[in-house]
$ cat query-v7.pdb   # PDB, C-alpha atoms
ATOM      1  CA  MET L 119    -169.390  41.034 -60.980  1.00  0.00           C
ATOM      2  CA  LYS L 120    -170.246  37.638 -59.583  1.00  0.00           C
ATOM      3  CA  GLN L 121    -173.466  35.920 -60.718  1.00  0.00           C
ATOM      4  CA  ARG L 122    -175.509  33.928 -58.261  1.00  0.00           C
ATOM      5  CA  PRO L 123    -176.185  30.246 -59.152  1.00  0.00           C
ATOM      6  CA  CYS L 124    -179.966  30.575 -58.795  1.00  0.00           C
ATOM      7  CA  GLY L 125    -180.078  33.120 -61.645  1.00  0.00           C
ATOM      8  CA  ARG L 126    -179.137  30.464 -64.200  1.00  0.00           C
ATOM      9  CA  ALA L 127    -181.746  28.058 -62.830  1.00  0.00           C
ATOM     10  CA  LEU L 128    -184.445  30.731 -63.073  1.00  0.00           C
ATOM     11  CA  ALA L 129    -183.457  31.553 -66.653  1.00  0.00           C
ATOM     12  CA  ALA L 130    -183.527  27.858 -67.612  1.00  0.00           C
ATOM     13  CA  ALA L 131    -186.949  27.431 -66.002  1.00  0.00           C
ATOM     14  CA  ALA L 132    -188.303  30.461 -67.896  1.00  0.00           C
ATOM     15  CA  ILE L 133    -187.029  29.050 -71.201  1.00  0.00           C
ATOM     16  CA  LEU L 134    -188.583  25.638 -70.476  1.00  0.00           C
ATOM     17  CA  LEU L 135    -191.936  27.236 -69.624  1.00  0.00           C
ATOM     18  CA  ALA L 136    -191.863  29.252 -72.837  1.00  0.00           C
ATOM     19  CA  LEU L 137    -191.149  26.104 -74.862  1.00  0.00           C
ATOM     20  CA  ALA L 138    -193.885  24.166 -73.062  1.00  0.00           C
ATOM     21  CA  GLY L 139    -196.385  26.753 -74.283  1.00  0.00           C
ATOM     22  CA  CYS L 140    -195.662  25.631 -77.854  1.00  0.00           C
ATOM     23  CA  VAL L 141    -196.831  22.041 -77.262  1.00  0.00           C
ATOM     24  CA  PRO L 142    -200.372  21.340 -78.590  1.00  0.00           C
ATOM     25  CA  GLU L 143    -202.987  20.853 -75.872  1.00  0.00           C
ATOM     26  CA  ARG L 144    -204.387  17.599 -77.233  1.00  0.00           C
ATOM     27  CA  ASN L 145    -201.021  15.830 -77.146  1.00  0.00           C
ATOM     28  CA  TRP L 146    -198.640  16.408 -74.275  1.00  0.00           C
ATOM     29  CA  SER L 147    -196.240  13.681 -75.362  1.00  0.00           C
ATOM     30  CA  PRO L 148    -192.578  14.690 -75.646  1.00  0.00           C
ATOM     31  CA  TRP L 149    -192.470  12.591 -78.846  1.00  0.00           C
ATOM     32  CA  THR L 150    -194.867  14.874 -80.734  1.00  0.00           C
ATOM     33  CA  PRO L 151    -193.866  14.939 -84.410  1.00  0.00           C
ATOM     34  CA  TRP L 152    -192.740  18.295 -85.717  1.00  0.00           C
ATOM     35  CA  ALA L 153    -194.890  17.961 -88.834  1.00  0.00           C
ATOM     36  CA  TRP L 154    -198.624  18.146 -88.151  1.00  0.00           C
ATOM     37  CA  SER L 155    -200.676  15.251 -89.469  1.00  0.00           C
ATOM     38  CA  PRO L 156    -204.464  15.441 -89.759  1.00  0.00           C
ATOM     39  CA  PRO L 157    -206.665  13.301 -87.506  1.00  0.00           C
ATOM     40  CA  PRO L 158    -208.634  10.406 -89.007  1.00  0.00           C
ATOM     41  CA  GLY L 159    -211.921  11.285 -90.695  1.00  0.00           C
ATOM     42  CA  GLN L 160    -215.217   9.450 -91.033  1.00  0.00           C
ATOM     43  CA  LEU L 161    -218.327   9.210 -93.193  1.00  0.00           C
ATOM     44  CA  THR L 162    -221.736   8.655 -91.614  1.00  0.00           C
ATOM     45  CA  LEU L 163    -223.975   7.252 -94.359  1.00  0.00           C
ATOM     46  CA  SER L 164    -227.750   7.070 -93.746  1.00  0.00           C
ATOM     47  CA  ASN L 165    -230.640   5.570 -95.704  1.00  0.00           C
ATOM     48  CA  TYR L 166    -234.049   7.255 -95.366  1.00  0.00           C
ATOM     49  CA  ARG L 167    -235.310   6.637 -98.942  1.00  0.00           C
ATOM     50  CA  PHE L 168    -234.994   2.960 -99.872  1.00  0.00           C
ATOM     51  CA  ASP L 169    -236.172  -0.335 -98.301  1.00  0.00           C
ATOM     52  CA  ARG L 170    -232.718  -1.834 -98.696  1.00  0.00           C
ATOM     53  CA  ALA L 171    -229.756  -0.338-100.465  1.00  0.00           C
ATOM     54  CA  ALA L 172    -226.656  -2.171-101.634  1.00  0.00           C
ATOM     55  CA  VAL L 173    -223.707   0.151-101.093  1.00  0.00           C
ATOM     56  CA  GLN L 174    -220.107  -0.077-102.272  1.00  0.00           C
ATOM     57  CA  ALA L 175    -217.572   2.038-100.381  1.00  0.00           C
ATOM     58  CA  LEU L 176    -213.826   2.464-100.452  1.00  0.00           C
ATOM     59  CA  VAL L 177    -211.214   4.466 -98.607  1.00  0.00           C
ATOM     60  CA  THR L 178    -208.710   5.959-101.029  1.00  0.00           C
ATOM     61  CA  SER L 179    -206.024   8.580-101.397  1.00  0.00           C
ATOM     62  CA  THR L 180    -206.264   8.610-105.214  1.00  0.00           C
ATOM     63  CA  PRO L 181    -208.082  11.499-106.915  1.00  0.00           C
ATOM     64  CA  ASP L 182    -210.227   9.171-109.071  1.00  0.00           C
ATOM     65  CA  CYS L 183    -212.598   6.708-107.386  1.00  0.00           C
ATOM     66  CA  ASP L 184    -212.774   4.488-110.505  1.00  0.00           C
ATOM     67  CA  THR L 185    -209.072   3.636-110.347  1.00  0.00           C
ATOM     68  CA  ALA L 186    -209.171   2.452-106.743  1.00  0.00           C
ATOM     69  CA  GLU L 187    -210.089  -1.093-105.787  1.00  0.00           C
ATOM     70  CA  PRO L 188    -213.451  -1.435-103.948  1.00  0.00           C
ATOM     71  CA  ALA L 189    -212.950  -2.257-100.306  1.00  0.00           C
ATOM     72  CA  MET L 190    -216.378  -3.088 -98.895  1.00  0.00           C
ATOM     73  CA  LEU L 191    -219.900  -4.051 -99.929  1.00  0.00           C
ATOM     74  CA  PHE L 192    -222.782  -3.812 -97.482  1.00  0.00           C
ATOM     75  CA  GLU L 193    -226.543  -3.425 -97.322  1.00  0.00           C
ATOM     76  CA  LEU L 194    -228.068  -0.442 -95.620  1.00  0.00           C
ATOM     77  CA  PRO L 195    -231.668  -1.038 -94.457  1.00  0.00           C
ATOM     78  CA  PHE L 196    -234.340   1.663 -94.312  1.00  0.00           C
ATOM     79  CA  LYS L 197    -233.482   4.104 -91.493  1.00  0.00           C
ATOM     80  CA  GLY L 198    -230.074   2.449 -91.223  1.00  0.00           C
ATOM     81  CA  THR L 199    -226.793   4.248 -90.624  1.00  0.00           C
ATOM     82  CA  ARG L 200    -223.228   3.114 -91.179  1.00  0.00           C
ATOM     83  CA  VAL L 201    -220.083   4.886 -89.983  1.00  0.00           C
ATOM     84  CA  ILE L 202    -217.031   4.344 -92.198  1.00  0.00           C
ATOM     85  CA  PRO L 203    -213.689   5.421 -90.703  1.00  0.00           C
ATOM     86  CA  ALA L 204    -210.953   6.874 -92.902  1.00  0.00           C
ATOM     87  CA  ALA L 205    -207.228   6.958 -92.253  1.00  0.00           C
ATOM     88  CA  PRO L 206    -205.576  10.391 -92.089  1.00  0.00           C
ATOM     89  CA  GLY L 207    -205.070  11.838 -95.566  1.00  0.00           C
ATOM     90  CA  THR L 208    -207.706   9.629 -97.274  1.00  0.00           C
ATOM     91  CA  ASP L 209    -211.194  10.235 -98.647  1.00  0.00           C
ATOM     92  CA  ILE L 210    -214.178   7.886 -98.853  1.00  0.00           C
ATOM     93  CA  CYS L 211    -215.916   7.087-102.145  1.00  0.00           C
ATOM     94  CA  TRP L 212    -219.320   5.414-102.152  1.00  0.00           C
ATOM     95  CA  ARG L 213    -222.092   4.459-104.557  1.00  0.00           C
ATOM     96  CA  ARG L 214    -225.438   2.640-104.505  1.00  0.00           C
ATOM     97  CA  ALA L 215    -226.721  -0.177-106.693  1.00  0.00           C
ATOM     98  CA  LEU L 216    -229.717   0.707-108.866  1.00  0.00           C
ATOM     99  CA  PRO L 217    -232.557  -1.770-109.410  1.00  0.00           C
ATOM    100  CA  GLY L 218    -231.442  -4.201-112.098  1.00  0.00           C
ATOM    101  CA  GLY L 219    -227.755  -4.169-111.228  1.00  0.00           C
ATOM    102  CA  PRO L 220    -225.939  -1.019-112.467  1.00  0.00           C
ATOM    103  CA  TRP L 221    -224.256   1.313-109.982  1.00  0.00           C
ATOM    104  CA  THR L 222    -224.802   5.030-109.508  1.00  0.00           C
ATOM    105  CA  PRO L 223    -221.838   7.344-110.172  1.00  0.00           C
ATOM    106  CA  TRP L 224    -219.319   7.627-107.327  1.00  0.00           C
ATOM    107  CA  SER L 225    -219.896  10.163-104.570  1.00  0.00           C
ATOM    108  CA  ARG L 226    -216.880  11.376-102.630  1.00  0.00           C
ATOM    109  CA  ALA L 227    -216.718  12.411 -98.978  1.00  0.00           C
ATOM    110  CA  PHE L 228    -213.705  14.676 -98.457  1.00  0.00           C
ATOM    111  CA  THR L 229    -212.387  13.370 -95.139  1.00  0.00           C
ATOM    112  CA  ALA L 230    -208.633  13.773 -95.815  1.00  0.00           C
ATOM    113  CA  ALA L 231    -208.308  16.748 -93.470  1.00  0.00           C
ATOM    114  CA  GLY L 232    -209.879  14.806 -90.593  1.00  0.00           C
ATOM    115  CA  ARG L 233    -213.452  15.911 -91.227  1.00  0.00           C
ATOM    116  CA  ALA L 234    -216.532  13.986 -90.133  1.00  0.00           C
ATOM    117  CA  VAL L 235    -219.001  13.993 -93.048  1.00  0.00           C
ATOM    118  CA  ALA L 236    -222.674  12.974 -92.867  1.00  0.00           C
ATOM    119  CA  SER L 237    -224.443  11.957 -96.077  1.00  0.00           C
ATOM    120  CA  GLN L 238    -227.725  10.357 -97.125  1.00  0.00           C
ATOM    121  CA  LEU L 239    -228.451   7.949 -99.963  1.00  0.00           C
TER     122      LEU L 239
END
$ encode --input "query-v7.pdb" --output "structure tokens"
Amino acid sequence: MKQRPCGRALAAAAILLALAGCVPERNWSPWTPWAWSPPPGQLTLSNYRFDRAAVQALVTSTPDCDTAEPAMLFELPFKGTRVIPAAPGTDICWRRALPGGPWTPWSRAFTAAGRAVASQL
């Protein structure tokens, strides 16, 4: 039995179409990594309670915020909002300065899975 040459081409095209269905929609690059990595996350921090608030924030992959080195200090005015981006696989820790100088305990925004978290002081 002799096979026609177009049969092989049709079989190859069917296999390629089936494999193309496995590619994620958001990334059609042929260089897509086989291991999925989460997208970057972010924290949207708002101040609706204080005239001015001194805030300390850091992006970390460690489980304890006290062991990480602080990355940024900023003031958040009344009705102010600040968006802090986080790299994939990292969380954001933040705290506010109390009147007189001491800091509040750390709060943690769990952004490691690529979540966008909104929080208020």
$ atom_distance --input "query-v7.pdb" --atom1 "atom CA of L:Pro206" --atom2 "atom CA of L:Thr229"
8.0 Å
$ closest_residue --input "query-v7.pdb" --among "L:Thr222, L:Gln238, L:Gln174, L:Gln160" --to "L:Thr208" --atoms "all atoms listed in the file"
L:Gln160
$ closest_residue --input "query-v7.pdb" --among "L:Pro203, L:Pro181, L:Pro195, L:Pro217" --to "L:Asn165" --atoms "all atoms listed in the file"
L:Pro195
$ residues_near_point --input "query-v7.pdb" --point "(-209.4, -3.0, -98.8)" --cutoff "9 Å" --atoms "only C-alpha atoms" --output "ChimeraX atom specification"
/L:176-177,187-190
$ write_last_selection --input "query-v7.pdb" --atoms "C-alpha atoms" --output "PDB file, keeping the file's coordinate frame"
ATOM      1  CA  LEU L 176    -213.826   2.464-100.452  1.00  0.00           C
ATOM      2  CA  VAL L 177    -211.214   4.466 -98.607  1.00  0.00           C
ATOM      3  CA  GLU L 187    -210.089  -1.093-105.787  1.00  0.00           C
ATOM      4  CA  PRO L 188    -213.451  -1.435-103.948  1.00  0.00           C
ATOM      5  CA  ALA L 189    -212.950  -2.257-100.306  1.00  0.00           C
ATOM      6  CA  MET L 190    -216.378  -3.088 -98.895  1.00  0.00           C
TER       7      MET L 190
END
$ atom_distance --input "query-v7.pdb" --atom1 "atom CA of L:Thr185" --atom2 "atom CA of L:Pro157"
24.9 Å
$ resolve_selection --input "query-v7.pdb" --expression "the PyMOL selection byres ((chain L and resi 196) around 9)" --output "number ranges by chain"
L: 164-171, 194-195, 197-199
$ residues_near_point --input "query-v7.pdb" --point "(-221.9, 12.8, -94.4)" --cutoff "12 Å" --atoms "all atoms listed in the file" --output "JSON, numbers by chain"
{"L": [159, 160, 161, 162, 163, 164, 165, 199, 200, 201, 202, 203, 209, 210, 211, 212, 225, 226, 227, 228, 229, 233, 234, 235, 236, 237, 238, 239]}
$ atom_distance --input "query-v7.pdb" --atom1 "atom CA of L:Ser179" --atom2 "atom CA of L:Gly207"
6.7 Å
$ axis_aligned_box --input "query-v7.pdb" --around "stretch 183-187 of chain L" --padding-each-side "5 Å" --output "AutoDock Vina command-line options"
--center_x -210.9 --center_y 2.8 --center_z -108.1 --size_x 13.7 --size_y 17.8 --size_z 14.7
$ closest_residue --input "query-v7.pdb" --among "L:Ser155, L:Ala132, L:Ala172, L:Arg126" --to "L:Trp221" --atoms "all atoms listed in the file"
L:Ala172
